[in-house]
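S.K.: What follows is protein-v2.txt, compact mmCIF, C-alpha atoms.
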```txt
# COMPACT_ATOMS: atom_id res chain seq x y z
CA MET U 1 0.00 0.00 0.00
CA ASN U 2 1.28 3.45 -0.83
CA CYS U 3 -0.50 6.15 1.12
CA GLY U 4 2.20 8.81 0.80
CA PRO U 5 2.43 11.42 3.56
CA TRP U 6 -0.94 10.35 4.99
CA ALA U 7 0.22 6.83 5.70
CA GLY U 8 0.36 7.12 9.50
CA LYS U 9 -2.94 8.97 9.83
CA LEU U 10 -4.78 6.64 7.48
CA SER U 11 -3.38 3.61 9.19
CA ALA U 12 -4.55 4.87 12.57
CA ASN U 13 -8.04 5.62 11.24
CA ILE U 14 -8.30 2.36 9.40
CA ASN U 15 -7.21 0.37 12.45
CA GLU U 16 -10.08 1.96 14.37
CA MET U 17 -12.39 0.10 12.02
CA LEU U 18 -11.04 -3.26 13.13
CA ASN U 19 -13.47 -4.91 15.52
CA PRO U 20 -12.05 -4.04 18.97
CA ASP U 21 -13.74 -7.01 20.61
CA LEU U 22 -11.63 -9.40 18.56
CA LYS U 23 -8.20 -8.01 19.49
CA LEU U 24 -6.98 -8.40 15.92
CA ASN U 25 -3.38 -7.89 14.82
CA PRO U 26 -2.80 -4.11 14.80
CA LYS U 27 -0.27 -4.60 12.00
CA ILE U 28 -2.88 -6.26 9.80
CA PHE U 29 -2.67 -3.54 7.13
CA ASP U 30 1.10 -3.07 7.30
CA LYS U 31 3.40 -4.29 4.55
CA ASP U 32 5.57 -6.03 7.14
CA VAL U 33 2.67 -7.92 8.74
CA GLU U 34 3.94 -11.23 10.10
CA GLN U 35 3.42 -14.17 7.75
CA ILE U 36 3.13 -17.80 8.87
CA PRO U 37 1.78 -20.82 6.96
CA ILE U 38 -1.70 -21.82 8.12
CA ARG U 39 -0.57 -25.48 8.21
CA GLN U 40 1.95 -24.51 10.91
CA GLY U 41 -0.99 -23.58 13.15
CA TYR U 42 -2.46 -27.03 12.56
CA GLY U 43 0.78 -28.73 13.61
CA GLU U 44 1.00 -26.66 16.78
CA GLY U 45 -2.68 -27.20 17.57
CA LEU U 46 -2.36 -30.94 17.07
CA LEU U 47 0.59 -31.05 19.44
CA LEU U 48 -1.33 -29.10 22.09
CA ALA U 49 -4.40 -31.31 21.61
CA GLY U 50 -2.17 -34.35 22.09
CA GLU U 51 -0.79 -32.93 25.32
CA LYS U 52 -4.28 -32.22 26.62
CA ASP U 53 -5.90 -35.53 25.71
CA SER U 54 -4.18 -38.91 25.47
CA ARG U 55 -6.94 -40.18 23.17
CA VAL U 56 -5.63 -37.92 20.39
CA VAL U 57 -3.69 -39.87 17.76
CA ALA U 58 -2.29 -38.74 14.41
CA LEU U 59 -2.12 -40.55 11.10
CA CYS U 60 -0.45 -39.36 7.94
CA ALA U 61 -0.08 -40.44 4.31
CA ASP U 62 3.60 -39.85 3.67
CA LEU U 63 3.41 -36.07 4.12
CA THR U 64 4.32 -35.78 7.78
CA GLU U 65 6.53 -32.72 7.45
CA SER U 66 4.47 -30.98 4.77
CA THR U 67 1.35 -31.20 6.93
CA LYS U 68 3.32 -30.31 10.10
CA THR U 69 2.18 -33.57 11.68
CA ASN U 70 5.86 -34.10 12.51
CA LEU U 71 5.49 -31.85 15.58
CA PHE U 72 3.07 -34.41 17.07
CA ALA U 73 4.96 -37.45 15.75
CA GLU U 74 8.23 -36.37 17.38
CA LYS U 75 6.58 -35.81 20.77
CA PHE U 76 4.25 -38.81 20.70
CA PRO U 77 5.84 -41.45 18.44
CA LYS U 78 3.68 -44.22 19.89
CA ARG U 79 0.52 -42.30 19.05
CA PHE U 80 1.53 -41.62 15.47
CA ILE U 81 0.94 -43.94 12.51
CA GLU U 82 2.56 -43.49 9.11
CA ILE U 83 0.03 -45.05 6.75
CA GLY U 84 2.05 -44.45 3.58
CA VAL U 85 0.68 -43.28 0.25
CA ALA U 86 -2.70 -44.91 0.87
CA GLU U 87 -5.24 -42.21 1.61
CA GLN U 88 -8.21 -44.56 1.52
CA ASN U 89 -6.56 -46.62 4.27
CA LEU U 90 -5.80 -43.39 6.13
CA ALA U 91 -9.53 -42.69 6.42
CA THR U 92 -10.67 -46.23 7.19
CA VAL U 93 -7.97 -46.97 9.78
CA ALA U 94 -8.81 -43.68 11.50
CA SER U 95 -12.49 -44.54 11.50
CA GLY U 96 -11.73 -47.86 13.20
CA MET U 97 -9.57 -46.16 15.80
CA ALA U 98 -12.34 -43.64 16.48
CA ALA U 99 -14.77 -46.52 16.95
CA MET U 100 -12.40 -47.75 19.67
CA GLY U 101 -12.47 -44.40 21.48
CA LYS U 102 -9.48 -42.60 19.99
CA ILE U 103 -9.60 -39.10 18.50
CA PRO U 104 -7.72 -39.55 15.23
CA PHE U 105 -6.40 -36.64 13.20
CA ILE U 106 -5.59 -37.57 9.61
CA ALA U 107 -3.56 -35.28 7.37
CA SER U 108 -2.50 -35.06 3.77
CA TYR U 109 -2.78 -32.63 0.90
CA ALA U 110 -6.43 -31.68 0.46
CA MET U 111 -6.26 -32.97 -3.11
CA PHE U 112 -5.68 -36.47 -1.70
CA SER U 113 -7.65 -36.23 1.54
CA PRO U 114 -10.57 -35.45 1.20
CA GLY U 115 -9.93 -35.58 -2.56
CA ARG U 116 -8.81 -39.14 -3.28
CA ASN U 117 -10.49 -40.75 -0.26
CA TRP U 118 -13.81 -38.91 -0.43
CA GLU U 119 -15.90 -42.08 -0.44
CA GLN U 120 -14.14 -43.48 2.65
CA ILE U 121 -14.66 -40.18 4.45
CA ARG U 122 -18.31 -40.12 3.44
CA THR U 123 -19.19 -43.70 4.24
CA THR U 124 -16.69 -45.03 6.75
CA ILE U 125 -16.28 -41.86 8.80
CA CYS U 126 -19.36 -39.65 8.38
CA TYR U 127 -22.10 -42.20 7.69
CA ASN U 128 -20.94 -43.99 10.84
CA ASN U 129 -20.55 -40.65 12.64
CA GLN U 130 -17.00 -41.41 13.75
CA ASN U 131 -15.00 -38.83 15.65
CA VAL U 132 -12.27 -38.33 13.03
CA LYS U 133 -10.63 -34.99 12.22
CA ILE U 134 -9.49 -34.52 8.63
CA ALA U 135 -6.80 -31.93 7.88
CA GLY U 136 -6.39 -31.03 4.22
CA SER U 137 -3.31 -28.97 3.55
CA HIS U 138 -2.21 -27.18 0.36
CA ALA U 139 -5.75 -26.05 -0.43
CA GLY U 140 -6.28 -23.28 -2.94
CA ILE U 141 -4.30 -22.17 -5.98
CA SER U 142 -1.74 -20.33 -3.85
CA VAL U 143 -0.02 -23.72 -3.51
CA GLY U 144 1.81 -22.18 -6.47
CA PRO U 145 4.44 -24.03 -8.50
CA ASP U 146 3.10 -27.53 -7.65
CA GLY U 147 0.44 -26.80 -10.25
CA GLY U 148 -3.14 -27.79 -11.01
CA THR U 149 -2.83 -31.43 -9.92
CA HIS U 150 -1.98 -30.38 -6.37
CA GLN U 151 -4.16 -27.30 -5.98
CA ALA U 152 -7.35 -28.34 -4.18
CA ILE U 153 -10.06 -25.92 -5.23
CA GLU U 154 -12.95 -28.34 -4.89
CA ASP U 155 -12.51 -29.51 -1.28
CA ILE U 156 -15.08 -27.20 0.30
CA ALA U 157 -17.72 -28.40 -2.15
CA ILE U 158 -17.07 -32.10 -1.55
CA THR U 159 -16.90 -31.81 2.23
CA ARG U 160 -19.77 -29.47 2.97
CA VAL U 161 -22.10 -31.75 1.05
CA ILE U 162 -21.49 -34.64 3.48
CA PRO U 163 -24.00 -34.87 6.36
CA ARG U 164 -22.55 -34.65 9.91
CA LEU U 165 -19.24 -33.22 8.67
CA THR U 166 -18.27 -29.86 10.18
CA VAL U 167 -16.11 -27.77 7.81
CA LEU U 168 -13.57 -25.26 9.14
CA SER U 169 -11.46 -22.83 7.10
CA PRO U 170 -9.18 -20.77 9.37
CA CYS U 171 -7.86 -17.46 8.07
CA ASP U 172 -4.36 -17.67 9.55
CA ALA U 173 -1.97 -19.82 11.55
CA ILE U 174 -3.21 -18.65 14.94
CA GLU U 175 -6.81 -19.33 14.05
CA ALA U 176 -5.77 -22.71 12.62
CA ARG U 177 -4.22 -23.64 15.97
CA LYS U 178 -7.45 -22.70 17.76
CA ALA U 179 -9.56 -24.49 15.15
CA THR U 180 -7.51 -27.66 15.62
CA LEU U 181 -7.94 -27.52 19.40
CA ALA U 182 -11.66 -26.83 18.98
CA ALA U 183 -11.94 -29.77 16.58
CA ALA U 184 -10.29 -32.05 19.14
CA ALA U 185 -12.81 -31.00 21.78
CA PHE U 186 -15.76 -31.28 19.39
CA VAL U 187 -17.43 -34.68 19.15
CA GLY U 188 -18.02 -35.63 15.51
CA PRO U 189 -16.18 -35.57 12.18
CA VAL U 190 -14.49 -32.30 11.24
CA TYR U 191 -12.65 -31.13 8.12
CA ILE U 192 -10.00 -28.42 8.58
CA ARG U 193 -8.86 -26.61 5.41
CA LEU U 194 -5.21 -25.53 5.45
CA ALA U 195 -2.86 -23.72 3.10
CA ARG U 196 0.79 -24.12 2.22
CA GLU U 197 2.27 -20.66 1.78
CA LYS U 198 3.16 -18.15 4.43
CA THR U 199 0.17 -15.82 4.75
CA PRO U 200 -0.58 -12.73 6.87
CA VAL U 201 -1.43 -13.20 10.53
CA MET U 202 -4.69 -11.33 11.07
CA THR U 203 -5.71 -12.56 14.51
CA THR U 204 -3.90 -12.69 17.84
CA GLU U 205 -3.77 -15.08 20.78
CA LYS U 206 -6.60 -13.04 22.33
CA THR U 207 -8.96 -13.31 19.36
CA PRO U 208 -11.87 -15.57 20.32
CA PHE U 209 -12.69 -18.61 18.20
CA GLN U 210 -15.80 -20.73 18.28
CA ILE U 211 -16.98 -23.34 15.80
CA GLY U 212 -20.08 -22.03 14.02
CA LYS U 213 -19.46 -18.34 14.70
CA ALA U 214 -18.59 -15.88 11.93
CA GLN U 215 -16.88 -12.66 13.02
CA VAL U 216 -16.96 -9.10 11.70
CA PHE U 217 -13.31 -8.13 11.33
CA PHE U 218 -13.71 -4.73 9.65
CA GLU U 219 -16.56 -2.31 10.23
CA PRO U 220 -16.73 1.22 8.82
CA LYS U 221 -17.97 4.00 11.07
CA GLU U 222 -20.71 4.94 8.60
CA ASN U 223 -23.33 2.48 7.36
CA ALA U 224 -21.71 -0.20 5.25
CA GLN U 225 -22.86 -0.29 1.62
CA VAL U 226 -21.54 -3.76 0.85
CA GLY U 227 -20.60 -6.78 2.95
CA ILE U 228 -17.71 -9.06 2.10
CA VAL U 229 -17.79 -12.65 3.33
CA GLY U 230 -14.30 -14.11 3.17
CA THR U 231 -12.67 -17.34 4.25
CA GLY U 232 -9.10 -18.59 4.63
CA ALA U 233 -6.02 -16.54 3.90
CA LEU U 234 -7.75 -14.67 1.08
CA LEU U 235 -9.62 -12.78 3.80
CA HIS U 236 -6.54 -10.56 3.97
CA ASN U 237 -7.10 -9.44 0.38
CA ALA U 238 -10.71 -8.70 1.31
CA LEU U 239 -9.52 -6.51 4.19
CA LEU U 240 -7.05 -4.68 1.96
CA ALA U 241 -9.81 -4.13 -0.60
CA ALA U 242 -12.14 -2.79 2.12
CA GLN U 243 -9.40 -0.48 3.36
CA GLU U 244 -8.77 0.97 -0.11
CA LEU U 245 -12.48 1.29 -0.85
CA GLU U 246 -12.97 3.14 2.42
CA GLN U 247 -10.48 5.74 1.20
CA LYS U 248 -12.49 6.02 -2.02
CA GLY U 249 -15.72 6.61 -0.11
CA ILE U 250 -17.22 3.12 -0.34
CA ALA U 251 -17.99 1.66 3.08
CA VAL U 252 -17.52 -2.10 3.29
CA LYS U 253 -17.97 -4.50 6.20
CA VAL U 254 -15.83 -7.67 6.21
CA LEU U 255 -16.90 -10.94 7.78
CA ASN U 256 -14.54 -13.85 8.52
CA LEU U 257 -16.37 -17.09 7.82
CA SER U 258 -14.07 -19.57 9.52
CA THR U 259 -16.81 -22.19 9.89
CA ILE U 260 -18.31 -23.03 6.52
CA LYS U 261 -20.57 -25.71 7.92
CA PRO U 262 -22.68 -25.25 9.96
CA ILE U 263 -22.89 -21.79 8.43
CA ASP U 264 -23.65 -18.86 10.75
CA GLU U 265 -27.04 -17.96 9.27
CA ASP U 266 -27.85 -15.33 11.90
CA ARG U 267 -24.66 -13.39 11.21
CA LEU U 268 -25.13 -13.66 7.43
CA VAL U 269 -28.72 -12.42 7.59
CA LEU U 270 -27.63 -9.49 9.73
CA LEU U 271 -24.93 -8.58 7.22
CA ALA U 272 -27.37 -8.89 4.32
CA GLN U 273 -29.90 -6.70 6.13
CA GLU U 274 -27.29 -4.09 7.02
CA THR U 275 -25.66 -3.84 3.58
CA GLY U 276 -28.16 -5.15 1.01
CA ALA U 277 -25.37 -6.54 -1.18
CA LEU U 278 -22.57 -9.04 -0.67
CA VAL U 279 -19.31 -10.23 -2.20
CA THR U 280 -17.98 -13.66 -1.29
CA VAL U 281 -14.23 -14.29 -1.38
CA GLU U 282 -12.66 -17.75 -1.43
CA GLU U 283 -9.71 -19.59 -2.95
CA HIS U 284 -11.98 -22.29 -4.34
CA GLN U 285 -14.28 -23.07 -7.23
CA ILE U 286 -17.32 -20.82 -7.29
CA ALA U 287 -19.50 -23.90 -7.76
CA GLY U 288 -20.18 -25.48 -4.41
CA GLY U 289 -17.94 -23.25 -2.35
CA VAL U 290 -18.48 -20.58 0.28
CA GLY U 291 -20.32 -18.31 -2.16
CA SER U 292 -22.72 -21.12 -2.93
CA ALA U 293 -23.22 -21.82 0.78
CA VAL U 294 -23.94 -18.15 1.47
CA ALA U 295 -26.32 -17.94 -1.48
CA GLU U 296 -28.15 -21.10 -0.38
CA ALA U 297 -28.65 -19.71 3.11
CA LEU U 298 -29.75 -16.25 2.02
CA ALA U 299 -32.04 -17.47 -0.76
CA HIS U 300 -34.22 -18.83 2.02
CA LEU U 301 -33.73 -16.15 4.61
CA TYR U 302 -32.92 -12.76 3.07
CA PRO U 303 -31.97 -12.68 -0.64
CA VAL U 304 -29.62 -9.91 -1.77
CA PRO U 305 -27.41 -9.47 -4.87
CA ILE U 306 -24.10 -11.36 -4.53
CA GLU U 307 -20.88 -11.26 -6.55
CA PHE U 308 -18.54 -14.23 -6.27
CA ILE U 309 -14.74 -14.05 -6.09
CA GLY U 310 -13.13 -17.45 -6.68
CA VAL U 311 -12.20 -19.79 -9.50
CA HIS U 312 -14.77 -19.85 -12.29
CA ASP U 313 -14.90 -23.45 -13.53
CA ARG U 314 -11.22 -23.76 -14.44
CA PHE U 315 -8.31 -25.86 -13.21
CA GLY U 316 -5.33 -24.34 -11.46
CA GLN U 317 -1.85 -24.19 -12.95
CA SER U 318 1.76 -23.69 -11.96
CA GLY U 319 2.85 -20.17 -11.03
CA LEU U 320 3.78 -17.91 -8.18
CA PRO U 321 0.92 -17.50 -5.67
CA ALA U 322 0.55 -13.75 -6.32
CA GLU U 323 0.59 -14.30 -10.09
CA LEU U 324 -2.09 -16.97 -9.81
CA LEU U 325 -4.33 -14.89 -7.56
CA LYS U 326 -4.17 -12.08 -10.11
CA HIS U 327 -4.65 -14.44 -13.06
CA TYR U 328 -7.75 -15.99 -11.49
CA ASN U 329 -9.16 -12.61 -10.44
CA MET U 330 -8.78 -13.08 -6.70
CA ASP U 331 -6.43 -10.15 -6.07
CA VAL U 332 -7.32 -6.97 -4.18
CA GLU U 333 -8.22 -5.14 -7.40
CA SER U 334 -10.65 -7.86 -8.46
CA ILE U 335 -12.37 -7.77 -5.07
CA GLN U 336 -12.76 -4.01 -5.36
CA SER U 337 -14.26 -4.41 -8.84
CA ALA U 338 -16.72 -6.98 -7.50
CA VAL U 339 -17.77 -4.59 -4.73
CA LYS U 340 -18.41 -1.83 -7.26
CA LYS U 341 -20.31 -4.25 -9.49
CA VAL U 342 -22.60 -5.46 -6.73
CA LEU U 343 -23.20 -1.88 -5.57
CA LYS U 344 -24.75 -1.17 -8.97
CA ARG U 345 -27.01 -4.20 -8.60
CA LYS U 346 -28.43 -3.11 -5.24
CA ARG U 347 -32.16 -2.69 -5.26
CA MET P 1 -16.63 -52.46 16.05
CA ILE P 2 -17.71 -49.99 13.45
CA LYS P 3 -21.28 -49.05 14.14
CA ILE P 4 -23.60 -49.45 11.18
CA VAL P 5 -26.16 -46.70 10.98
CA LYS P 6 -29.49 -48.17 9.99
CA SER P 7 -31.36 -46.45 7.20
CA LEU P 8 -35.10 -46.40 6.97
CA ALA P 9 -34.85 -49.39 4.62
CA GLY P 10 -37.99 -48.02 3.05
CA LYS P 11 -39.46 -48.23 -0.39
CA PRO P 12 -38.56 -45.46 -2.85
CA ALA P 13 -41.89 -43.67 -2.48
CA GLU P 14 -41.61 -43.78 1.33
CA LEU P 15 -38.10 -42.34 1.19
CA ILE P 16 -39.11 -39.59 -1.23
CA GLU P 17 -41.89 -38.65 1.20
CA GLU P 18 -39.63 -38.91 4.28
CA TYR P 19 -36.99 -36.63 2.77
CA GLY P 20 -39.48 -33.97 1.68
CA MET P 21 -39.35 -34.55 -2.07
CA SER P 22 -42.91 -35.72 -2.68
CA VAL P 23 -45.43 -33.95 -4.90
CA SER P 24 -47.09 -32.39 -1.85
CA SER P 25 -43.71 -31.08 -0.63
CA ILE P 26 -43.09 -29.46 -4.01
CA VAL P 27 -46.57 -27.90 -3.97
CA ASP P 28 -45.91 -26.55 -0.47
CA ALA P 29 -42.59 -25.08 -1.60
CA VAL P 30 -44.21 -23.37 -4.58
CA GLN P 31 -46.82 -21.86 -2.30
CA ARG P 32 -44.19 -20.62 0.15
CA ALA P 33 -42.16 -19.07 -2.70
CA LEU P 34 -45.31 -17.37 -4.03
CA LYS P 35 -45.89 -15.72 -0.66
CA ARG P 36 -42.30 -14.43 -0.60
CA LYS P 37 -42.48 -12.77 -4.04
CA ARG P 38 -41.92 -9.06 -3.89
```
Would you mind writing the structure in this file as structure tokens?

M.R.:
Amino acid sequence: MNCGPWAGKLSANINEMLNPDLKLNPKIFDKDVEQIPIRQGYGEGLLLAGEKDSRVVALCADLTESTKTNLFAEKFPKRFIEIGVAEQNLATVASGMAAMGKIPFIASYAMFSPGRNWEQIRTTICYNNQNVKIAGSHAGISVGPDGGTHQAIEDIAITRVIPRLTVLSPCDAIEARKATLAAAAFVGPVYIRLAREKTPVMTTEKTPFQIGKAQVFFEPKENAQVGIVGTGALLHNALLAAQELEQKGIAVKVLNLSTIKPIDEDRLVLLAQETGALVTVEEHQIAGGVGSAVAEALAHLYPVPIEFIGVHDRFGQSGLPAELLKHYNMDVESIQSAVKKVLKRKR
Amino acid sequence: MIKIVKSLAGKPAELIEEYGMSVSSIVDAVQRALKRKR
């Protein structure tokens, strides 16, 4: 961001629009905001969950370091199982262990779990309502150079469609740690969506987290004209877009949807009532993703015009994360354009 | 032991009714949508 001589003043004013109740990172809008991979938060959360509860066990499909499961495996080697490149077994073995009273966490790249082993997750874990936690790392196109085969941009769609499965999508590493701990305490199957790259830390240790609760991160002083519903690390782009739009006289409220299922209908309806127009922001296919979930909820409860930021029915490809976000129209500029577009559609 | 969740084991028409996809459910939905029209 280049704000010239007004940088300090603007920053102070903009920070006043961060929800004070959430104790968010005051450096959220700074160029040097701390960046940590979301998957790191999962690894730390899993370790803490293991220390708290001896029933917690971890299973991995040959990606122990990439998924940060190694933190748990090193501390609790007897409670860690390396399944190998066999994601279907990963899910079914975990389901059996859950049936015996364990709290298994399974981890792989999201493309392989829940991607490759979707049927085992559906039938062996969720149909039987087993207490298994599924961590899918490397979700989204910001996986970068690994390319389209490894960029999971369908995982929200295929998990939120399964009955009994709670779907979490933390926005940063700190929230991922809390989400992992919350998943351990929650009884029932949970999917936790994680990302590979280092991404901005938006929350702090003091920021509350609760499964099922969406949170307003950014709230203009005047009445908001548009609401943005964001999830995952891309929420930071939504905040940057809101900040820049504020300076252009367009007031935008930003909601962090860290639980995709069950979706926080009350909070969404309130946002729709307050703003009358929404933009959804996700690093995922438009079909079946967060935008679809929001639209499904509001179609029943309080319909408003919605613009969707995400991948429009295309596969990913190899590239630098920033290049890909721009190419697929998920950068700050694209979010601003979507806000302006939906403003024109307001009734 | 993995617990097997029992389904209704019903006939197709019973299941369609149970899950709210019968003709009467569609008629009800149309009537609700009509009331919500602006």

S.K.: Write out as a tab-separated table (two decimals) with C-alpha atoms, in the frame of the given file every residue belonging to chain U that has an atom at most 10 Å from any atom of chain P, counting all atoms listed in the file.

M.R.:
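Okay, iface.tsv is ready:
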```tsv
chain	number	residue	atom	x	y	z
U	95	SER	CA	-12.49	-44.54	11.50
U	96	GLY	CA	-11.73	-47.86	13.20
U	97	MET	CA	-9.57	-46.16	15.80
U	98	ALA	CA	-12.34	-43.64	16.48
U	99	ALA	CA	-14.77	-46.52	16.95
U	100	MET	CA	-12.40	-47.75	19.67
U	124	THR	CA	-16.69	-45.03	6.75
U	125	ILE	CA	-16.28	-41.86	8.80
U	127	TYR	CA	-22.10	-42.20	7.69
U	128	ASN	CA	-20.94	-43.99	10.84
U	129	ASN	CA	-20.55	-40.65	12.64
U	130	GLN	CA	-17.00	-41.41	13.75
U	300	HIS	CA	-34.22	-18.83	2.02
```

S.K.: Using only C-alpha atoms for the distances, tell me which of U:Ala184, U:Arg347, U:Leu255, U:Lys248 is nearest to Val216 in chain U.

M.R.: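 Checking each candidate against Val216 in chain U, we get U:Leu255 as the closest.
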
S.K.: Mind checking which residues fall within 9 Å of Val332 in chain U, counting only C-alpha atoms, ignoring those fewer than 5 positions away in the same chain, and posting them as a PyMOL selection string?

M.R.: chain U and resi 236-242+326+337

S.K.: Show which residues sit within 6 Å of range 168-171 of chain U, as a CSV table (one decimal) with C-alpha atoms, keeping the file's coordinate frame. Count all atoms listed in the file, and ignore same-chain residues fewer than 3 positions away.

M.R.:
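And here is the file that came out, out_25.csv:
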```csv
chain,number,residue,atom,x,y,z
U,175,GLU,CA,-6.8,-19.3,14.0
U,176,ALA,CA,-5.8,-22.7,12.6
U,192,ILE,CA,-10.0,-28.4,8.6
U,193,ARG,CA,-8.9,-26.6,5.4
U,232,GLY,CA,-9.1,-18.6,4.6
U,233,ALA,CA,-6.0,-16.5,3.9
U,258,SER,CA,-14.1,-19.6,9.5
U,259,THR,CA,-16.8,-22.2,9.9
U,260,ILE,CA,-18.3,-23.0,6.5
```

S.K.: Could you tell me how far CA of Lys213 in chain U sits from CA of Ile286 in chain U, in Å to one decimal place?

M.R.: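 Computed distance, CA of Ile286 in chain U to CA of Lys213 in chain U, equals 22.2 Å.
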
S.K.: So what do you get for CA of Arg32 in chain P versus CA of Ala293 in chain U, distance-wise?

M.R.: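 According to the coordinates, CA of Arg32 in chain P and CA of Ala293 in chain U are separated by 21.0 Å.
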
S.K.: In Å to one decimal, how far is CA of Val161 in chain U from CA of Val93 in chain U?

M.R.: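 Straight-line distance from CA of Val93 in chain U to CA of Val161 in chain U works out to 22.5 Å.
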
S.K.: Taking into account all atoms listed in the file, which residue in the set U:Leu59, U:Cys126, U:Ala182, U:Leu194 is nearest to Arg164 in chain U?

M.R.: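 Of the candidates, the smallest distance to Arg164 in chain U is held by U:Cys126.
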
S.K.: Start from the incomplete input, build N, CA and C atoms for range 17-31 of chain P, and deliver everything as a compact mmCIF listing (two decimals), in the frame of the given file.

M.R.:
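Produced file selection_31.txt, reproduced below:
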```
# COMPACT_ATOMS: atom_id res chain seq x y z
N GLU P 17 -40.98 -39.35 0.28
CA GLU P 17 -41.89 -38.65 1.20
C GLU P 17 -41.12 -38.21 2.45
N GLU P 18 -40.37 -39.16 3.04
CA GLU P 18 -39.63 -38.91 4.28
C GLU P 18 -38.65 -37.75 4.13
N TYR P 19 -38.01 -37.66 2.98
CA TYR P 19 -36.99 -36.63 2.77
C TYR P 19 -37.56 -35.35 2.14
N GLY P 20 -38.87 -35.23 2.12
CA GLY P 20 -39.48 -33.97 1.68
C GLY P 20 -39.37 -33.70 0.20
N MET P 21 -39.46 -34.75 -0.62
CA MET P 21 -39.35 -34.55 -2.07
C MET P 21 -40.59 -35.04 -2.81
N SER P 22 -41.67 -35.21 -2.07
CA SER P 22 -42.91 -35.72 -2.68
C SER P 22 -43.62 -34.59 -3.43
N VAL P 23 -44.66 -34.96 -4.16
CA VAL P 23 -45.43 -33.95 -4.90
C VAL P 23 -45.99 -32.90 -3.93
N SER P 24 -46.50 -33.36 -2.80
CA SER P 24 -47.09 -32.39 -1.85
C SER P 24 -46.02 -31.44 -1.30
N SER P 25 -44.80 -31.95 -1.10
CA SER P 25 -43.71 -31.08 -0.63
C SER P 25 -43.37 -30.02 -1.68
N ILE P 26 -43.40 -30.42 -2.94
CA ILE P 26 -43.09 -29.46 -4.01
C ILE P 26 -44.20 -28.40 -4.09
N VAL P 27 -45.44 -28.85 -3.95
CA VAL P 27 -46.57 -27.90 -3.97
C VAL P 27 -46.44 -26.91 -2.81
N ASP P 28 -46.09 -27.43 -1.64
CA ASP P 28 -45.91 -26.55 -0.47
C ASP P 28 -44.81 -25.52 -0.73
N ALA P 29 -43.72 -25.98 -1.33
CA ALA P 29 -42.59 -25.08 -1.60
C ALA P 29 -42.98 -23.99 -2.59
N VAL P 30 -43.75 -24.37 -3.60
CA VAL P 30 -44.21 -23.37 -4.58
C VAL P 30 -45.09 -22.33 -3.89
N GLN P 31 -45.93 -22.79 -3.01
CA GLN P 31 -46.82 -21.86 -2.30
C GLN P 31 -46.03 -20.92 -1.38
```
